[in-house]
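Structure file target-v8.cif; described as mmCIF, C-alpha atoms.
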```cif
data_data
loop_
_atom_site.label_atom_id
_atom_site.label_comp_id
_atom_site.auth_asym_id
_atom_site.auth_seq_id
_atom_site.Cartn_x
_atom_site.Cartn_y
_atom_site.Cartn_z
CA MET B 137 43.74 17.03 10.93
CA ARG B 138 42.09 19.72 8.82
CA TYR B 139 40.61 16.99 6.57
CA ILE B 140 39.12 15.18 9.56
CA LEU B 141 37.62 18.41 10.92
CA THR B 142 36.12 19.19 7.52
CA MET B 143 34.56 15.73 7.30
CA ILE B 144 33.06 16.10 10.79
CA LEU B 145 31.54 19.46 9.88
CA MET B 146 30.11 18.03 6.64
CA LEU B 147 28.67 14.90 8.26
CA PRO B 148 25.14 16.30 8.86
CA LEU B 149 24.93 17.35 5.21
CA MET B 150 26.22 13.97 4.06
CA LEU B 151 23.65 12.17 6.18
CA GLN B 152 20.86 14.39 4.90
CA ALA B 153 21.89 13.64 1.32
CA GLN B 154 21.34 9.90 1.84
CA PRO B 155 17.95 8.91 0.40
CA TYR B 156 15.36 7.44 2.73
CA LEU B 157 14.46 3.93 1.55
CA ILE B 158 10.71 3.34 1.89
CA SER B 159 9.29 -0.11 1.23
CA GLY B 160 5.90 -0.82 -0.31
CA GLY B 161 3.80 -3.61 -1.76
CA LYS B 162 4.21 -4.84 -5.33
CA ASN B 163 1.27 -4.54 -7.72
CA LEU B 164 -0.78 -2.35 -5.38
CA VAL B 165 -2.30 0.73 -7.00
CA VAL B 166 -2.71 2.63 -3.74
CA HIS B 167 1.00 2.14 -3.02
CA ASP B 168 1.91 3.35 -6.51
CA VAL B 169 -0.07 6.53 -5.85
CA ALA B 170 1.27 6.85 -2.30
CA ALA B 171 4.81 6.65 -3.68
CA GLN B 172 4.09 9.60 -6.02
CA ILE B 173 2.55 11.63 -3.20
CA LEU B 174 5.43 10.96 -0.82
CA GLN B 175 8.08 11.64 -3.44
CA LYS B 176 6.65 15.14 -3.75
CA ALA B 177 6.39 15.60 0.01
CA TYR B 178 9.96 14.48 0.67
CA THR B 179 11.28 16.60 -2.20
CA ARG B 180 9.53 19.68 -0.82
CA ALA B 181 11.20 18.97 2.51
CA GLY B 182 14.57 18.93 0.76
CA LEU B 183 14.92 15.18 1.27
CA GLN B 184 15.49 12.26 -1.08
CA MET B 185 13.30 9.16 -1.06
CA GLU B 186 13.59 5.84 -2.87
CA VAL B 187 10.97 3.11 -3.00
CA LEU B 188 11.65 -0.62 -2.67
CA TYR B 189 8.69 -2.74 -3.82
CA LEU B 190 8.38 -6.07 -2.02
CA PRO B 191 5.74 -8.68 -1.14
CA PHE B 192 3.30 -7.00 1.28
CA GLU B 193 4.35 -8.86 4.41
CA GLU B 194 8.06 -8.49 3.71
CA SER B 195 7.62 -4.76 3.21
CA LEU B 196 6.17 -4.41 6.70
CA GLN B 197 8.77 -6.65 8.31
CA ARG B 198 11.65 -4.71 6.79
CA ALA B 199 10.17 -1.36 7.77
CA ASP B 200 9.53 -2.55 11.32
CA SER B 201 13.04 -4.02 11.70
CA GLY B 202 14.69 -0.88 10.34
CA GLN B 203 16.03 -2.54 7.20
CA THR B 204 14.06 0.13 5.35
CA ASP B 205 13.21 3.58 6.68
CA GLY B 206 9.45 3.11 6.59
CA ASP B 207 6.44 1.80 4.68
CA LEU B 208 4.52 3.73 2.04
CA ALA B 209 0.97 3.49 3.38
CA ARG B 210 -0.78 1.23 5.87
CA ILE B 211 -3.93 1.13 7.99
CA GLY B 212 -4.10 3.08 11.22
CA THR B 213 -3.83 0.07 13.53
CA ILE B 214 -0.75 -1.54 11.97
CA THR B 215 1.45 -0.74 14.99
CA ARG B 216 -0.38 -3.34 17.06
CA LYS B 217 1.70 -5.96 15.28
CA TYR B 218 4.60 -3.76 14.12
CA PRO B 219 5.46 -1.63 17.17
CA ASN B 220 8.60 -0.06 15.71
CA LEU B 221 6.62 1.90 13.12
CA ARG B 222 5.58 5.50 13.72
CA ARG B 223 2.59 7.00 11.92
CA ILE B 224 2.62 10.32 10.13
CA PRO B 225 -0.86 11.55 11.15
CA VAL B 226 -2.27 12.52 7.76
CA ASP B 227 -4.34 10.00 5.82
CA ILE B 228 -3.17 10.04 2.23
CA ILE B 229 -5.39 7.51 0.45
CA LYS B 230 -8.28 5.08 0.92
CA ILE B 231 -8.27 1.35 0.33
CA GLN B 232 -11.33 -0.83 -0.25
CA ALA B 233 -11.67 -4.60 0.03
CA VAL B 234 -13.70 -6.05 -2.85
CA ALA B 235 -14.59 -9.61 -3.82
CA PHE B 236 -13.83 -10.69 -7.40
CA SER B 237 -15.08 -13.84 -9.14
CA LYS B 238 -15.87 -15.41 -12.50
CA ASN B 239 -19.28 -16.31 -11.08
CA THR B 240 -21.04 -13.01 -11.66
CA SER B 241 -24.29 -14.27 -10.14
CA LEU B 242 -22.73 -13.92 -6.69
CA ASN B 243 -23.81 -10.99 -4.54
CA ILE B 244 -21.40 -10.58 -1.64
CA LYS B 245 -22.48 -7.85 0.77
CA LYS B 246 -20.44 -8.55 3.91
CA TRP B 247 -17.50 -10.64 5.09
CA SER B 248 -19.74 -13.47 6.33
CA ASP B 249 -21.24 -13.89 2.84
CA LEU B 250 -17.90 -15.40 1.81
CA THR B 251 -18.61 -18.45 3.97
CA GLY B 252 -18.89 -21.68 1.99
CA HIS B 253 -16.94 -20.40 -1.03
CA THR B 254 -13.38 -21.32 -1.92
CA LEU B 255 -11.56 -18.12 -1.05
CA THR B 256 -8.10 -16.68 -1.73
CA ILE B 257 -6.46 -13.63 -0.15
CA VAL B 258 -2.99 -12.08 -0.29
CA LYS B 259 -0.60 -12.33 2.64
CA GLY B 260 0.31 -8.99 4.20
CA ILE B 261 -2.83 -7.03 3.26
CA LYS B 262 -3.72 -6.81 6.91
CA PHE B 263 -7.30 -5.56 6.91
CA ILE B 264 -8.33 -8.33 4.49
CA GLU B 265 -6.48 -10.89 6.61
CA GLU B 266 -8.44 -9.60 9.61
CA GLY B 267 -11.78 -9.54 7.80
CA THR B 268 -11.42 -13.18 6.68
CA LYS B 269 -9.67 -14.56 9.77
CA ASP B 270 -12.62 -16.80 10.72
CA LEU B 271 -13.10 -18.16 7.19
CA LYS B 272 -11.46 -21.04 5.39
CA ARG B 273 -9.09 -19.45 2.91
CA GLN B 274 -6.02 -19.93 0.76
CA VAL B 275 -3.24 -17.37 1.23
CA VAL B 276 -0.91 -16.40 -1.63
CA LEU B 277 2.00 -13.97 -1.77
CA SER B 278 0.84 -11.55 -4.47
CA VAL B 279 -2.24 -10.16 -6.23
CA PRO B 280 -1.25 -11.72 -9.60
CA LYS B 281 -1.10 -15.14 -7.88
CA ALA B 282 -4.58 -14.57 -6.45
CA ILE B 283 -5.95 -13.70 -9.89
CA GLU B 284 -4.19 -16.73 -11.35
CA ALA B 285 -5.93 -18.94 -8.76
CA LEU B 286 -9.26 -17.50 -9.89
CA LYS B 287 -8.49 -17.89 -13.61
CA ASN B 288 -7.43 -21.52 -13.13
CA ASN B 289 -10.49 -22.39 -11.01
CA ARG B 290 -8.47 -23.05 -7.86
CA SER B 291 -10.58 -20.45 -6.12
CA GLU B 292 -14.15 -19.22 -6.56
CA ILE B 293 -13.59 -15.81 -4.97
CA ILE B 294 -10.60 -13.60 -4.27
CA VAL B 295 -10.70 -10.55 -1.99
CA ILE B 296 -8.19 -7.88 -2.96
CA PRO B 297 -8.00 -4.06 -2.99
CA ARG B 298 -10.52 -2.66 -5.45
CA LEU B 299 -8.26 -0.42 -7.55
CA THR B 300 -5.56 -3.06 -7.87
CA GLY B 301 -8.06 -5.71 -8.93
CA LEU B 302 -9.60 -3.48 -11.58
CA SER B 303 -6.20 -2.37 -12.87
CA ILE B 304 -4.66 -5.83 -13.22
CA ASN B 305 -7.85 -7.40 -14.55
CA ALA B 306 -8.11 -4.74 -17.26
CA LYS B 307 -4.80 -5.97 -18.66
CA ILE B 308 -6.09 -9.53 -19.12
CA GLN B 309 -7.58 -9.81 -22.60
CA GLY B 310 -11.05 -11.36 -22.60
CA SER B 311 -11.15 -11.63 -18.82
CA THR B 312 -14.41 -12.83 -17.27
CA ILE B 313 -13.35 -11.84 -13.76
CA LYS B 314 -15.66 -9.21 -12.27
CA PRO B 315 -16.28 -7.51 -8.92
CA VAL B 316 -19.10 -9.33 -7.11
CA SER B 317 -19.34 -7.08 -4.06
CA HIS B 318 -19.43 -3.47 -3.05
CA HIS B 319 -16.79 -2.36 -0.59
CA LEU B 320 -16.61 -4.97 2.15
CA GLN B 321 -14.51 -2.50 4.10
CA THR B 322 -12.97 0.90 3.46
CA LEU B 323 -10.02 2.18 5.47
CA LEU B 324 -7.69 5.16 5.43
CA LEU B 325 -3.98 4.61 4.87
CA TYR B 326 -1.12 6.51 6.52
CA HIS B 327 2.60 6.78 5.84
CA TYR B 328 4.80 5.12 8.48
CA VAL B 329 8.46 5.57 9.34
CA ASN B 330 10.68 3.37 11.46
CA LYS B 331 11.21 4.68 15.01
CA LYS B 332 14.78 5.68 14.11
CA ASN B 333 13.23 8.26 11.77
CA THR B 334 10.76 9.94 14.14
CA HIS B 335 12.47 13.22 13.29
CA LEU B 336 10.69 13.02 9.92
CA ILE B 337 7.22 13.27 11.46
CA PRO B 338 7.20 17.05 12.17
CA ILE B 339 8.88 17.65 8.80
CA ILE B 340 6.58 15.61 6.54
CA THR B 341 3.29 16.12 8.43
CA PRO B 342 2.65 19.80 7.56
CA ILE B 343 3.60 19.19 3.93
CA LEU B 344 1.12 16.31 3.58
CA LYS B 345 -1.55 18.37 5.38
CA ALA B 346 -1.11 21.19 2.89
CA MET B 347 -1.21 18.78 -0.07
CA LYS B 348 -4.40 17.21 1.27
CA GLN B 349 -6.16 20.50 2.05
CA SER B 350 -5.34 21.94 -1.37
CA GLY B 351 -6.80 18.91 -3.15
CA GLU B 352 -3.43 18.00 -4.65
CA ILE B 353 -3.51 14.46 -3.26
CA ASP B 354 -6.96 13.76 -4.73
CA TYR B 355 -5.83 15.21 -8.05
CA MET B 356 -2.78 12.91 -8.13
CA LEU B 357 -5.00 9.87 -7.50
CA ARG B 358 -7.42 10.83 -10.28
CA SER B 359 -4.54 11.53 -12.68
CA HIS B 360 -2.97 8.15 -11.94
CA LEU B 361 -6.25 6.34 -12.56
CA ARG B 362 -6.85 8.19 -15.84
CA LYS B 363 -3.34 7.30 -17.01
CA THR B 364 -3.80 3.64 -16.05
CA THR B 365 -7.12 3.51 -17.93
CA ARG B 366 -5.59 4.97 -21.10
CA GLN B 367 -2.71 2.50 -20.99
CA ASN B 368 -5.11 -0.41 -20.68
#
```
Could you render the structure from this file as structure tokens?
Amino acid sequence: MRYILTMILMLPLMLQAQPYLISGGKNLVVHDVAAQILQKAYTRAGLQMEVLYLPFEESLQRADSGQTDGDLARIGTITRKYPNLRRIPVDIIKIQAVAFSKNTSLNIKKWSDLTGHTLTIVKGIKFIEEGTKDLKRQVVLSVPKAIEALKNNRSEIIVIPRLTGLSINAKIQGSTIKPVSHHLQTLLLYHYVNKKNTHLIPIITPILKAMKQSGEIDYMLRSHLRKTTRQN
């Protein structure tokens, strides 16, 4: 009886000790940085967090269904399609859509300029899906597959997040793939938790606000990019 009572009293502590599993997209620089930012925020709240990297669409589906506890960072309108997600109201990073091609004579200034070109995008990167929804396009499951389509001439243009494209392309020796547009669209990204974890919102929000106001979040992004550049 005493053992059972002890276990009941310890249950809140045991539950708190369980790490929150947050899903995110593979091979996405902004999610790599978001993971670092959120690890610090959760740690400062006395909480544990683990990251599960998945294909972009699967990451959202698992977070929305409650199979994971949330998603690292998504656009502000993501709940239109994934209503079980709850936004932590502090933007933590920006994401830009950029066109890449081997044909460096191209000058893409807006979404409609992609018309008439063979185009590839990545499933689950929602703002790029939305921006190209009226265009003929090929959809692949990952950024490396999009770059492979470009390298092997199965696509003339790919549209992917800027930082991810530059990072992966820098690792390809002798690559002729270049950005051929400025930012077709720039959006802020927010951390989301599944509705079962709404209790995290008032805990994590003030910590992220303080990190943003102090410049710590911007510093972490710059540090990550410098490290990536040195490694490449």
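The gap separating atom CA of Phe192 of chain B from atom CA of Pro219 of chain B is 16.9 Å, in Å to one decimal.
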**Request:** Excluding Arg298 of chain B and residues on its chain fewer than 3 positions from it, collect all residues at most 7 Å away from it, counting all atoms listed in the file, and give them as an NGL selection string.
**Result:** :B and (232-234 or 301-302)
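Minimum atom-to-atom distances from B:Leu320, B:Ala209, B:Ile304, B:Leu299 to Ile264 of chain B were compared using all atoms listed in the file, and the lowest value belongs to B:Leu320.
Taking atom CA of Gln197 of chain B and atom CA of Tyr218 of chain B as the two end points, the separation is 7.7 Å.
When only C-alpha atoms are used to measure the gap to Val169 of chain B, the shortest distance among B:Thr300, B:Thr341, B:Thr322, B:Gln203 belongs to B:Thr300.
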Counting all atoms listed in the file, which residues have an atom no more than 12 Å from (-13.8, -9.3, 12.5) in the file's coordinates? Please list them as an mmCIF file with C-alpha atoms, in the frame of the given file.
```cif
data_model
loop_
_atom_site.group_PDB
_atom_site.id
_atom_site.type_symbol
_atom_site.label_atom_id
_atom_site.label_comp_id
_atom_site.auth_asym_id
_atom_site.auth_seq_id
_atom_site.Cartn_x
_atom_site.Cartn_y
_atom_site.Cartn_z
ATOM 1 C CA LYS B 246 -20.440 -8.550 3.910
ATOM 2 C CA TRP B 247 -17.500 -10.640 5.090
ATOM 3 C CA SER B 248 -19.740 -13.470 6.330
ATOM 4 C CA LYS B 262 -3.720 -6.810 6.910
ATOM 5 C CA PHE B 263 -7.300 -5.560 6.910
ATOM 6 C CA ILE B 264 -8.330 -8.330 4.490
ATOM 7 C CA GLU B 265 -6.480 -10.890 6.610
ATOM 8 C CA GLU B 266 -8.440 -9.600 9.610
ATOM 9 C CA GLY B 267 -11.780 -9.540 7.800
ATOM 10 C CA THR B 268 -11.420 -13.180 6.680
ATOM 11 C CA LYS B 269 -9.670 -14.560 9.770
ATOM 12 C CA ASP B 270 -12.620 -16.800 10.720
ATOM 13 C CA LEU B 271 -13.100 -18.160 7.190
ATOM 14 C CA LEU B 320 -16.610 -4.970 2.150
ATOM 15 C CA GLN B 321 -14.510 -2.500 4.100
#
```
**Prompt:** Neighbours of Leu157 of chain B within 10 Å (all atoms listed in the file; same-chain residues fewer than 3 positions away dropped), as a ChimeraX atom specification?
**Reply:** /B:154,160,184-188,199,203-208,329
Please provide the set of residues having any atom within 9 Å of Ile228 of chain B, restricted to only C-alpha atoms, with same-chain residues fewer than 2 positions apart removed, written as a JSON list (two decimals) with C-alpha atoms, in the frame of the given file.
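Once everything was written out, this is around-v7.json:
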```
[["chain", "number", "residue", "atom", "x", "y", "z"],
["B", 170, "ALA", "CA", 1.27, 6.85, -2.30],
["B", 173, "ILE", "CA", 2.55, 11.63, -3.20],
["B", 209, "ALA", "CA", 0.97, 3.49, 3.38],
["B", 226, "VAL", "CA", -2.27, 12.52, 7.76],
["B", 230, "LYS", "CA", -8.28, 5.08, 0.92],
["B", 324, "LEU", "CA", -7.69, 5.16, 5.43],
["B", 325, "LEU", "CA", -3.98, 4.61, 4.87],
["B", 326, "TYR", "CA", -1.12, 6.51, 6.52],
["B", 327, "HIS", "CA", 2.60, 6.78, 5.84],
["B", 344, "LEU", "CA", 1.12, 16.31, 3.58],
["B", 348, "LYS", "CA", -4.40, 17.21, 1.27],
["B", 353, "ILE", "CA", -3.51, 14.46, -3.26],
["B", 354, "ASP", "CA", -6.96, 13.76, -4.73]]
```
**Request:** Would you write out, as a PyMOL selection string, every residue that the PyMOL selection byres ((chain B and resi 294) around 10) captures in this file?
**Result:** chain B and resi 234-238+250+253-258+273-275+279+282-283+285-286+291-293+295-297+301+315-316
**Request:** Between B:Val165, B:Ile261, B:Ala177, B:Ile231, single out the one closest to Pro191 of chain B, counting all atoms listed in the file.
**Result:** B:Ile261
Selection dump of the PyMOL selection byres ((chain B and resi 200) around 7), as a PDB file with C-alpha atoms, in the frame of the given file:
```
ATOM      1  CA  LEU B 196       6.170  -4.410   6.700  1.00  0.00           C
ATOM      2  CA  GLN B 197       8.770  -6.650   8.310  1.00  0.00           C
ATOM      3  CA  ARG B 198      11.650  -4.710   6.790  1.00  0.00           C
ATOM      4  CA  ALA B 199      10.170  -1.360   7.770  1.00  0.00           C
ATOM      5  CA  SER B 201      13.040  -4.020  11.700  1.00  0.00           C
ATOM      6  CA  GLY B 202      14.690  -0.880  10.340  1.00  0.00           C
ATOM      7  CA  TYR B 218       4.600  -3.760  14.120  1.00  0.00           C
ATOM      8  CA  ASN B 220       8.600  -0.060  15.710  1.00  0.00           C
ATOM      9  CA  LEU B 221       6.620   1.900  13.120  1.00  0.00           C
ATOM     10  CA  ASN B 330      10.680   3.370  11.460  1.00  0.00           C
TER      11      ASN B 330
END
```
**Asked** atom CA of Arg362 of chain B and atom CA of Asn163 of chain B are how many Å apart?
**Response**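 Separating atom CA of Arg362 of chain B from atom CA of Asn163 of chain B is a distance of 17.1 Å.
Closest approach to Tyr156 of chain B from the set B:Ser317, B:Gln175, B:Ser303, B:Gln349 is made by B:Gln175, with distances taken over all atoms listed in the file.
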